[in-house]
>>> print(open('my_file_25.txt').read())   # compact mmCIF, C-alpha atoms and all ligand atoms
# COMPACT_ATOMS: atom_id res chain seq x y z
CA MET A 1 25.32 -15.67 -4.20
CA LYS A 2 22.37 -13.29 -4.36
CA SER A 3 23.33 -9.79 -3.32
CA GLN A 4 23.97 -6.22 -4.35
CA PRO A 5 22.43 -4.67 -7.45
CA LEU A 6 24.90 -3.98 -10.27
CA PRO A 7 25.86 -0.37 -10.98
CA ALA A 8 23.33 1.21 -13.40
CA ALA A 9 25.55 1.15 -16.50
CA ARG A 10 26.38 -2.53 -16.04
CA LEU A 11 22.73 -3.31 -15.35
CA VAL A 12 21.67 -1.66 -18.62
CA GLY A 13 24.23 -3.76 -20.51
CA ARG A 14 23.20 -6.94 -18.71
CA PHE A 15 19.49 -6.42 -19.52
CA SER A 16 20.35 -5.65 -23.12
CA ARG A 17 22.29 -8.91 -23.52
CA ILE A 18 19.52 -10.92 -21.82
CA HIS A 19 16.97 -9.33 -24.17
CA THR A 20 19.02 -10.23 -27.24
CA GLN A 21 19.51 -13.78 -26.03
CA LEU A 22 15.79 -14.21 -25.29
CA CYS A 23 14.81 -12.89 -28.74
CA GLU A 24 16.93 -15.69 -30.19
CA LEU A 25 15.71 -18.38 -27.78
CA PHE A 26 12.06 -17.43 -28.34
CA GLN A 27 12.42 -18.31 -32.02
CA LYS A 28 12.15 -21.95 -30.90
CA THR A 29 8.53 -21.70 -29.77
CA PRO A 30 5.76 -19.12 -29.29
CA ASP A 31 4.45 -21.08 -26.29
CA PRO A 32 4.10 -18.54 -23.45
CA THR A 33 4.88 -21.03 -20.66
CA ALA A 34 8.10 -22.16 -22.33
CA ARG A 35 9.04 -18.53 -22.88
CA MET A 36 8.29 -17.57 -19.27
CA ALA A 37 10.40 -20.47 -17.97
CA THR A 38 13.28 -19.52 -20.25
CA ALA A 39 13.11 -15.85 -19.30
CA VAL A 40 13.04 -16.63 -15.57
CA ALA A 41 16.02 -19.00 -15.80
CA LEU A 42 18.12 -16.40 -17.55
CA LEU A 43 17.07 -13.41 -15.46
CA HIS A 44 17.43 -15.17 -12.13
CA HIS A 45 20.93 -16.43 -12.86
CA LYS A 46 22.26 -13.31 -14.50
CA LEU A 47 21.03 -10.67 -12.06
CA PRO A 48 22.61 -10.95 -8.61
CA HIS A 49 19.97 -8.90 -6.78
CA PHE A 50 17.06 -11.08 -7.98
CA PHE A 51 16.05 -13.19 -4.97
CA TRP A 52 12.74 -14.39 -6.38
CA THR A 53 11.92 -14.16 -10.08
CA GLY A 54 8.68 -15.38 -11.57
CA PHE A 55 5.34 -15.00 -13.25
CA TYR A 56 1.80 -15.01 -11.94
CA ARG A 57 -0.79 -15.80 -14.62
CA LEU A 58 -4.30 -14.39 -14.67
CA ILE A 59 -6.47 -17.49 -14.91
CA GLY A 60 -10.15 -16.72 -14.65
CA GLU A 61 -10.24 -14.31 -11.74
CA ASP A 62 -7.16 -15.62 -9.97
CA LEU A 63 -3.46 -14.85 -10.11
CA ILE A 64 -1.79 -18.25 -10.14
CA VAL A 65 1.92 -18.84 -9.94
CA GLY A 66 3.70 -19.71 -13.18
CA PRO A 67 7.35 -20.47 -13.88
CA TYR A 68 9.62 -19.12 -11.15
CA GLN A 69 13.01 -19.47 -9.48
CA GLY A 70 13.89 -18.72 -5.89
CA PRO A 71 12.26 -19.80 -2.64
CA LEU A 72 8.84 -21.42 -2.50
CA ALA A 73 6.11 -18.89 -3.31
CA CYS A 74 2.36 -18.54 -2.82
CA SER A 75 0.49 -20.61 -5.43
CA VAL A 76 -2.52 -18.28 -5.55
CA LEU A 77 -2.51 -14.61 -4.56
CA GLN A 78 -5.38 -13.41 -2.43
CA ARG A 79 -7.70 -11.47 -4.74
CA GLY A 80 -7.27 -7.73 -4.80
CA LYS A 81 -4.38 -7.65 -2.34
CA GLY A 82 -0.68 -7.01 -2.80
CA VAL A 83 1.63 -5.62 -5.43
CA CYS A 84 0.78 -8.03 -8.26
CA TRP A 85 -2.94 -7.27 -8.06
CA ALA A 86 -2.14 -3.54 -7.86
CA CYS A 87 -0.18 -3.88 -11.13
CA LEU A 88 -3.25 -5.41 -12.76
CA ARG A 89 -5.71 -2.99 -11.23
CA GLU A 90 -3.68 0.11 -12.04
CA ASP A 91 -2.55 -1.32 -15.38
CA ARG A 92 1.07 -0.27 -14.87
CA ALA A 93 4.44 -1.36 -13.58
CA MET A 94 4.94 -1.19 -9.79
CA LEU A 95 8.26 -0.34 -8.16
CA VAL A 96 8.13 -0.87 -4.40
CA ALA A 97 11.25 0.36 -2.58
CA ASP A 98 10.21 -1.09 0.78
CA VAL A 99 7.52 -3.73 0.88
CA HIS A 100 6.90 -3.02 4.58
CA GLN A 101 5.53 0.36 3.51
CA PHE A 102 3.14 -1.17 0.95
CA PRO A 103 -0.15 -1.50 2.86
CA ASP A 104 -1.36 -4.95 1.77
CA HIS A 105 1.82 -6.46 0.40
CA ILE A 106 1.65 -10.27 0.28
CA ALA A 107 4.77 -11.71 1.90
CA CYS A 108 5.40 -15.14 0.38
CA ASP A 109 8.85 -15.03 1.96
CA ALA A 110 9.72 -12.77 4.88
CA ARG A 111 13.18 -12.10 3.43
CA SER A 112 11.75 -10.08 0.51
CA ARG A 113 12.19 -6.36 1.12
CA SER A 114 11.73 -4.67 -2.27
CA GLU A 115 9.81 -5.64 -5.34
CA VAL A 116 9.12 -4.80 -8.97
CA VAL A 117 6.13 -6.06 -10.96
CA VAL A 118 5.42 -5.45 -14.65
CA PRO A 119 2.37 -6.41 -16.72
CA VAL A 120 2.66 -9.09 -19.41
CA ARG A 121 0.32 -8.37 -22.33
CA ASP A 122 -0.91 -10.49 -25.22
CA HIS A 123 -1.11 -9.35 -28.87
CA ARG A 124 -4.32 -7.44 -28.16
CA GLY A 125 -2.83 -5.56 -25.22
CA CYS A 126 -4.75 -7.54 -22.58
CA ILE A 127 -2.81 -8.41 -19.41
CA GLN A 128 -2.34 -12.18 -19.23
CA ALA A 129 0.24 -12.32 -16.45
CA VAL A 130 2.64 -10.29 -14.36
CA LEU A 131 6.40 -10.64 -14.08
CA ASP A 132 7.38 -10.22 -10.42
CA VAL A 133 10.87 -9.88 -8.93
CA ASP A 134 11.81 -9.59 -5.24
CA ALA A 135 15.09 -8.58 -3.60
CA THR A 136 16.21 -9.01 -0.01
CA ARG A 137 17.39 -5.41 0.33
CA PRO A 138 15.12 -2.37 0.48
CA ASN A 139 15.51 -0.11 -2.56
CA ALA A 140 17.25 -2.75 -4.65
CA PHE A 141 15.43 -1.86 -7.90
CA SER A 142 15.51 1.16 -10.17
CA ALA A 143 13.90 2.40 -13.36
CA VAL A 144 16.53 0.35 -15.22
CA ASP A 145 15.02 -2.85 -13.79
CA VAL A 146 11.48 -1.72 -14.61
CA GLU A 147 12.37 -0.91 -18.21
CA GLY A 148 14.52 -4.01 -18.68
CA LEU A 149 11.83 -6.30 -17.26
CA GLN A 150 9.06 -4.64 -19.27
CA ARG A 151 10.97 -5.13 -22.54
CA ILE A 152 11.35 -8.81 -21.66
CA ALA A 153 7.70 -9.17 -20.59
CA ASP A 154 6.69 -7.72 -23.96
CA LEU A 155 8.52 -10.55 -25.74
CA ILE A 156 6.46 -13.34 -24.10
CA TRP A 157 3.39 -12.95 -26.30
CA GLY A 158 5.39 -11.20 -29.01
CA GLY A 159 6.10 -12.66 -32.47
N1 LIG A 201 4.65 -9.87 -3.01
C1 LIG A 201 3.70 -10.22 -4.02
C2 LIG A 201 3.32 -11.68 -3.93
C3 LIG A 201 4.17 -12.60 -4.72
S1 LIG A 201 5.68 -12.88 -4.04
O1 LIG A 201 6.45 -11.63 -4.05
C4 LIG A 201 6.52 -14.06 -4.83
C5 LIG A 201 2.48 -9.32 -3.91
O2 LIG A 201 2.38 -8.55 -2.94
O3 LIG A 201 1.62 -9.39 -4.78
>>> encode(input="my_file_25.txt", output="C-alpha cells", more="lines below")
Ligand code: SME
Amino acid sequence: MKSQPLPAARLVGRFSRIHTQLCELFQKTPDPTARMATAVALLHHKLPHFFWTGFYRLIGEDLIVGPYQGPLACSVLQRGKGVCWACLREDRAMLVADVHQFPDHIACDARSRSEVVVPVRDHRGCIQAVLDVDATRPNAFSAVDVEGLQRIADLIWGG
C-alpha cells in the first residue's frame, strides 16, 4: 500500500540500492525507453510514498507521457503550464511541497498533493525528458528524493 515516506536514512539506502540495481540492468540495452520503463517499475514498487512515477518526453515542442506506473495520467501536458514545464524552462529540479500552492500545477489526478520533477539529459546535456513523481500527502518529498531521482535520471542516457 502506498503511504508514508521512509525515514531519511532508510530512504538514502533504498535509493542507493535501486541505483546499483539499475546500473546493472541498464547493461542490457542503451535504449532510453526500455531504461525508463525499468527505472519506473523499480522506483514505484520500492518507494512506498510514490503514488505516480513516470517520465514525460520532450517530443518536438510537446511533453508527452512516457513509461509510468500509477493512476492514468495526462498524455500531453499543456504547453508552458505546470511543474514539468517549469523544470524544463528553469532547467532544474522542482520540489513542490504542496501542489495546491503551485500556481498552474496540472492535476492529472486530484489525489496528488506533492511532487518532484527532475530533468533527464542526453550525452550532450540537452533535456530529453523529465522524471516526475507524485505523492498523496503534502510535503512527502525531500532533498533525498531529489538527489536520488536525479542520479537515476542521469543513468537513462548514460553509458
Ligand atoms: N503535475 C504535473 C503533470 C503530470 S502529473 O503529475 C502525472 C505538472 O504540473 O506538470
>>> residues_around(input="my_file_25.txt", residues="Ser112 (chain A)", least_positions_apart="2", cutoff="7 Å", atoms="only C-alpha atoms", output="list in words")
Asp109, Ala110, Ser114, Asp134, Ala135 and Thr136 of chain A
>>> closest_residue(input="my_file_25.txt", among="A:His100, A:His19, A:Arg124, A:Arg14", to="Gly82 (chain A)", atoms="only C-alpha atoms")
A:His100
>>> atom_distance(input="my_file_25.txt", atom1="CA of Phe15 (chain A)", atom2="CA of Gln101 (chain A)")
27.8 Å
>>> atom_distance(input="my_file_25.txt", atom1="CA of Leu25 (chain A)", atom2="atom N1 of ligand LIG 201 (chain A)")
28.4 Å
>>> axis_aligned_box(input="my_file_25.txt", around="region 126-137 of chain A", padding_each_side="5 Å", output="AutoDock Vina command-line options")
--center_x 6.3 --center_y -8.9 --center_z -11.1 --size_x 32.1 --size_y 16.9 --size_z 32.9
>>> closest_atom_pairs(input="my_file_25.txt", of="chain A", to="ligand LIG 201 (chain A)", cutoff="8 Å", atoms="all atoms listed in the file", output="CSV")
residue,atom,partner,partner_atom,distance
A:Trp52,CA,A:LIG201,C4,6.4
A:Thr53,CA,A:LIG201,C4,7.5
A:Gly54,CA,A:LIG201,C4,7.2
A:Tyr56,CA,A:LIG201,C3,8.0
A:Ala73,CA,A:LIG201,C4,5.1
A:Cys74,CA,A:LIG201,C4,6.4
A:Leu77,CA,A:LIG201,C2,6.6
A:Lys81,CA,A:LIG201,O3,6.7
A:Gly82,CA,A:LIG201,O2,3.4
A:Val83,CA,A:LIG201,O3,3.8
A:Cys84,CA,A:LIG201,O3,3.8
A:Trp85,CA,A:LIG201,O3,6.0
A:Ala86,CA,A:LIG201,O3,7.6
A:Val99,CA,A:LIG201,N1,7.8
A:Asp104,CA,A:LIG201,O2,7.0
A:His105,CA,A:LIG201,O2,4.0
A:Ile106,CA,A:LIG201,O2,3.7
A:Ala107,CA,A:LIG201,N1,5.2
A:Cys108,CA,A:LIG201,S1,5.0
A:Asp109,CA,A:LIG201,S1,7.1
A:Ser112,CA,A:LIG201,O1,7.2
A:Glu115,CA,A:LIG201,O1,7.0
A:Asp132,CA,A:LIG201,O1,6.6
A:Val133,CA,A:LIG201,O1,6.8
A:Asp134,CA,A:LIG201,O1,5.9
>>> residues_around(input="my_file_25.txt", residues="Cys126 (chain A)", least_positions_apart="2", cutoff="12 Å", atoms="all atoms listed in the file", output="VMD selection string")
chain A and resid 58 88 91 119 to 124 128 to 130 154 157
>>> closest_residue(input="my_file_25.txt", among="A:Gly158, A:Gly125, A:Leu95, A:Ala37", to="Val146 (chain A)", atoms="all atoms listed in the file")
A:Leu95
>>> closest_residue(input="my_file_25.txt", among="A:Ala153, A:Ile59, A:Ile18, A:Val65", to="Leu42 (chain A)", atoms="only C-alpha atoms")
A:Ile18
>>> closest_residue(input="my_file_25.txt", among="A:Tyr68, A:Arg137, A:Leu47, A:Arg113", to="Ala34 (chain A)", atoms="only C-alpha atoms")
A:Tyr68
>>> atom_distance(input="my_file_25.txt", atom1="CA of Ile156 (chain A)", atom2="CA of Ala9 (chain A)")
25.1 Å
>>> closest_residue(input="my_file_25.txt", among="A:Leu6, A:Leu11, A:Ala140, A:Val76", to="Asp98 (chain A)", atoms="only C-alpha atoms")
A:Ala140
>>> closest_residue(input="my_file_25.txt", among="A:Thr33, A:Thr20, A:Gln78, A:Ser3", to="His45 (chain A)", atoms="only C-alpha atoms")
A:Ser3
>>> decode(input="my_file_25.txt", residues="region 4-151 of chain A", atoms="C-alpha atoms", output="mmCIF file, in the first residue's frame")
data_model
loop_
_atom_site.group_PDB
_atom_site.id
_atom_site.type_symbol
_atom_site.label_atom_id
_atom_site.label_comp_id
_atom_site.auth_asym_id
_atom_site.auth_seq_id
_atom_site.Cartn_x
_atom_site.Cartn_y
_atom_site.Cartn_z
ATOM 1 C CA GLN A 4 4.308 7.327 4.367
ATOM 2 C CA PRO A 5 7.779 8.317 3.212
ATOM 3 C CA LEU A 6 10.599 6.253 4.723
ATOM 4 C CA PRO A 7 12.823 7.886 7.338
ATOM 5 C CA ALA A 8 15.703 9.762 5.626
ATOM 6 C CA ALA A 9 18.454 7.247 6.435
ATOM 7 C CA ARG A 10 16.409 4.341 5.080
ATOM 8 C CA LEU A 11 15.461 6.367 2.022
ATOM 9 C CA VAL A 12 19.134 7.068 1.237
ATOM 10 C CA GLY A 13 19.895 3.338 1.473
ATOM 11 C CA ARG A 14 16.881 2.424 -0.646
ATOM 12 C CA PHE A 15 17.848 4.883 -3.425
ATOM 13 C CA SER A 16 21.420 3.635 -3.327
ATOM 14 C CA ARG A 17 20.340 0.013 -3.825
ATOM 15 C CA ILE A 18 17.936 0.979 -6.629
ATOM 16 C CA HIS A 19 20.758 2.905 -8.330
ATOM 17 C CA THR A 20 23.111 -0.076 -8.128
ATOM 18 C CA GLN A 21 20.452 -2.423 -9.460
ATOM 19 C CA LEU A 22 19.616 -0.088 -12.360
ATOM 20 C CA CYS A 23 23.302 0.272 -13.318
ATOM 21 C CA GLU A 24 23.359 -3.499 -13.709
ATOM 22 C CA LEU A 25 20.016 -3.750 -15.518
ATOM 23 C CA PHE A 26 20.954 -0.950 -17.933
ATOM 24 C CA GLN A 27 23.867 -3.047 -19.197
ATOM 25 C CA LYS A 28 21.253 -4.997 -21.185
ATOM 26 C CA THR A 29 20.371 -2.121 -23.509
ATOM 27 C CA PRO A 30 21.090 1.592 -24.019
ATOM 28 C CA ASP A 31 17.537 2.103 -25.313
ATOM 29 C CA PRO A 32 16.104 5.043 -23.326
ATOM 30 C CA THR A 33 12.504 3.779 -23.387
ATOM 31 C CA ALA A 34 13.490 0.371 -22.021
ATOM 32 C CA ARG A 35 15.579 2.076 -19.367
ATOM 33 C CA MET A 36 12.761 4.456 -18.385
ATOM 34 C CA ALA A 37 10.305 1.553 -18.068
ATOM 35 C CA THR A 38 12.760 -0.419 -15.942
ATOM 36 C CA ALA A 39 13.530 2.544 -13.694
ATOM 37 C CA VAL A 40 9.839 3.324 -13.160
ATOM 38 C CA ALA A 41 8.988 -0.293 -12.292
ATOM 39 C CA LEU A 42 11.691 -0.449 -9.675
ATOM 40 C CA LEU A 43 11.137 3.004 -8.175
ATOM 41 C CA HIS A 44 7.375 2.690 -7.986
ATOM 42 C CA HIS A 45 7.452 -0.666 -6.224
ATOM 43 C CA LYS A 46 10.302 0.076 -3.865
ATOM 44 C CA LEU A 47 9.277 3.509 -2.604
ATOM 45 C CA PRO A 48 6.046 3.482 -0.589
ATOM 46 C CA HIS A 49 5.316 7.210 -0.929
ATOM 47 C CA PHE A 50 5.452 7.156 -4.755
ATOM 48 C CA PHE A 51 1.821 7.382 -5.900
ATOM 49 C CA TRP A 52 2.569 8.191 -9.537
ATOM 50 C CA THR A 53 6.003 7.610 -11.063
ATOM 51 C CA GLY A 54 6.816 8.339 -14.677
ATOM 52 C CA PHE A 55 8.500 10.166 -17.487
ATOM 53 C CA TYR A 56 7.340 12.875 -19.851
ATOM 54 C CA ARG A 57 9.409 13.071 -23.042
ATOM 55 C CA LEU A 58 10.086 16.274 -24.937
ATOM 56 C CA ILE A 59 8.947 15.439 -28.457
ATOM 57 C CA GLY A 60 9.068 18.419 -30.774
ATOM 58 C CA GLU A 61 7.514 21.130 -28.643
ATOM 59 C CA ASP A 62 5.339 18.854 -26.538
ATOM 60 C CA LEU A 63 5.784 16.968 -23.286
ATOM 61 C CA ILE A 64 4.308 13.550 -23.975
ATOM 62 C CA VAL A 65 3.854 10.835 -21.409
ATOM 63 C CA GLY A 66 6.376 8.000 -21.442
ATOM 64 C CA PRO A 67 6.650 4.900 -19.267
ATOM 65 C CA TYR A 68 4.787 5.301 -15.985
ATOM 66 C CA GLN A 69 3.121 3.467 -13.120
ATOM 67 C CA GLY A 70 0.226 4.643 -11.005
ATOM 68 C CA PRO A 71 -3.169 6.045 -11.974
ATOM 69 C CA LEU A 72 -3.992 7.167 -15.501
ATOM 70 C CA ALA A 73 -2.135 10.377 -16.364
ATOM 71 C CA CYS A 74 -2.409 13.193 -18.901
ATOM 72 C CA SER A 75 -0.969 12.074 -22.261
ATOM 73 C CA VAL A 76 0.178 15.562 -23.269
ATOM 74 C CA LEU A 77 0.909 18.423 -20.869
ATOM 75 C CA GLN A 78 -0.463 21.811 -21.788
ATOM 76 C CA ARG A 79 2.476 23.840 -23.102
ATOM 77 C CA GLY A 80 4.176 26.119 -20.636
ATOM 78 C CA LYS A 81 1.985 25.161 -17.679
ATOM 79 C CA GLY A 82 2.666 23.083 -14.592
ATOM 80 C CA VAL A 83 5.628 21.664 -12.753
ATOM 81 C CA CYS A 84 7.111 19.584 -15.580
ATOM 82 C CA TRP A 85 7.286 22.556 -17.954
ATOM 83 C CA ALA A 86 8.748 24.676 -15.131
ATOM 84 C CA CYS A 87 11.522 22.078 -14.729
ATOM 85 C CA LEU A 88 12.329 22.432 -18.432
ATOM 86 C CA ARG A 89 12.032 26.199 -18.502
ATOM 87 C CA GLU A 90 14.113 26.749 -15.382
ATOM 88 C CA ASP A 91 16.479 23.913 -16.266
ATOM 89 C CA ARG A 92 16.470 22.492 -12.738
ATOM 90 C CA ALA A 93 14.810 20.019 -10.415
ATOM 91 C CA MET A 94 11.483 21.109 -8.882
ATOM 92 C CA LEU A 95 10.386 20.130 -5.385
ATOM 93 C CA VAL A 96 6.769 21.129 -4.736
ATOM 94 C CA ALA A 97 5.670 20.593 -1.127
ATOM 95 C CA ASP A 98 2.014 21.413 -1.823
ATOM 96 C CA VAL A 99 0.770 21.349 -5.385
ATOM 97 C CA HIS A 100 -2.236 23.496 -4.415
ATOM 98 C CA GLN A 101 0.223 26.332 -3.818
ATOM 99 C CA PHE A 102 1.860 25.940 -7.250
ATOM 100 C CA PRO A 103 0.015 28.467 -9.431
ATOM 101 C CA ASP A 104 -0.529 26.494 -12.660
ATOM 102 C CA HIS A 105 0.025 22.951 -11.464
ATOM 103 C CA ILE A 106 -1.544 20.399 -13.827
ATOM 104 C CA ALA A 107 -3.642 17.960 -11.805
ATOM 105 C CA CYS A 108 -3.793 14.682 -13.721
ATOM 106 C CA ASP A 109 -5.177 13.079 -10.566
ATOM 107 C CA ALA A 110 -6.809 15.086 -7.779
ATOM 108 C CA ARG A 111 -5.222 12.834 -5.144
ATOM 109 C CA SER A 112 -1.710 14.142 -5.895
ATOM 110 C CA ARG A 113 -0.620 16.633 -3.235
ATOM 111 C CA SER A 114 3.167 16.936 -3.562
ATOM 112 C CA GLU A 115 5.511 16.448 -6.453
ATOM 113 C CA VAL A 116 9.137 16.227 -7.512
ATOM 114 C CA VAL A 117 10.386 16.592 -11.093
ATOM 115 C CA VAL A 118 13.970 16.212 -12.313
ATOM 116 C CA PRO A 119 15.419 16.797 -15.794
ATOM 117 C CA VAL A 120 16.646 13.851 -17.867
ATOM 118 C CA ARG A 121 19.599 14.853 -20.062
ATOM 119 C CA ASP A 122 21.262 13.190 -23.028
ATOM 120 C CA HIS A 123 25.040 12.863 -23.548
ATOM 121 C CA ARG A 124 25.257 16.472 -24.718
ATOM 122 C CA GLY A 125 23.446 17.809 -21.667
ATOM 123 C CA CYS A 126 20.208 18.578 -23.544
ATOM 124 C CA ILE A 127 16.973 17.822 -21.676
ATOM 125 C CA GLN A 128 15.153 14.981 -23.431
ATOM 126 C CA ALA A 129 12.577 14.177 -20.757
ATOM 127 C CA VAL A 130 11.584 14.759 -17.162
ATOM 128 C CA LEU A 131 11.166 12.205 -14.392
ATOM 129 C CA ASP A 132 8.059 13.114 -12.378
ATOM 130 C CA VAL A 133 6.856 11.620 -9.086
ATOM 131 C CA ASP A 134 3.668 12.478 -7.168
ATOM 132 C CA ALA A 135 2.632 11.636 -3.606
ATOM 133 C CA THR A 136 -0.786 11.845 -1.993
ATOM 134 C CA ARG A 137 0.490 13.690 1.086
ATOM 135 C CA PRO A 138 1.703 17.283 1.133
ATOM 136 C CA ASN A 139 5.419 17.552 1.888
ATOM 137 C CA ALA A 140 6.132 13.908 1.114
ATOM 138 C CA PHE A 141 9.444 14.581 -0.670
ATOM 139 C CA SER A 142 12.816 15.835 0.498
ATOM 140 C CA ALA A 143 16.229 16.636 -0.920
ATOM 141 C CA VAL A 144 16.992 12.906 -0.600
ATOM 142 C CA ASP A 145 14.303 12.151 -3.203
ATOM 143 C CA VAL A 146 15.548 14.916 -5.498
ATOM 144 C CA GLU A 147 19.129 13.675 -5.357
ATOM 145 C CA GLY A 148 18.185 10.006 -5.616
ATOM 146 C CA LEU A 149 15.915 10.636 -8.607
ATOM 147 C CA GLN A 150 18.457 12.866 -10.341
ATOM 148 C CA ARG A 151 21.168 10.193 -10.067
#
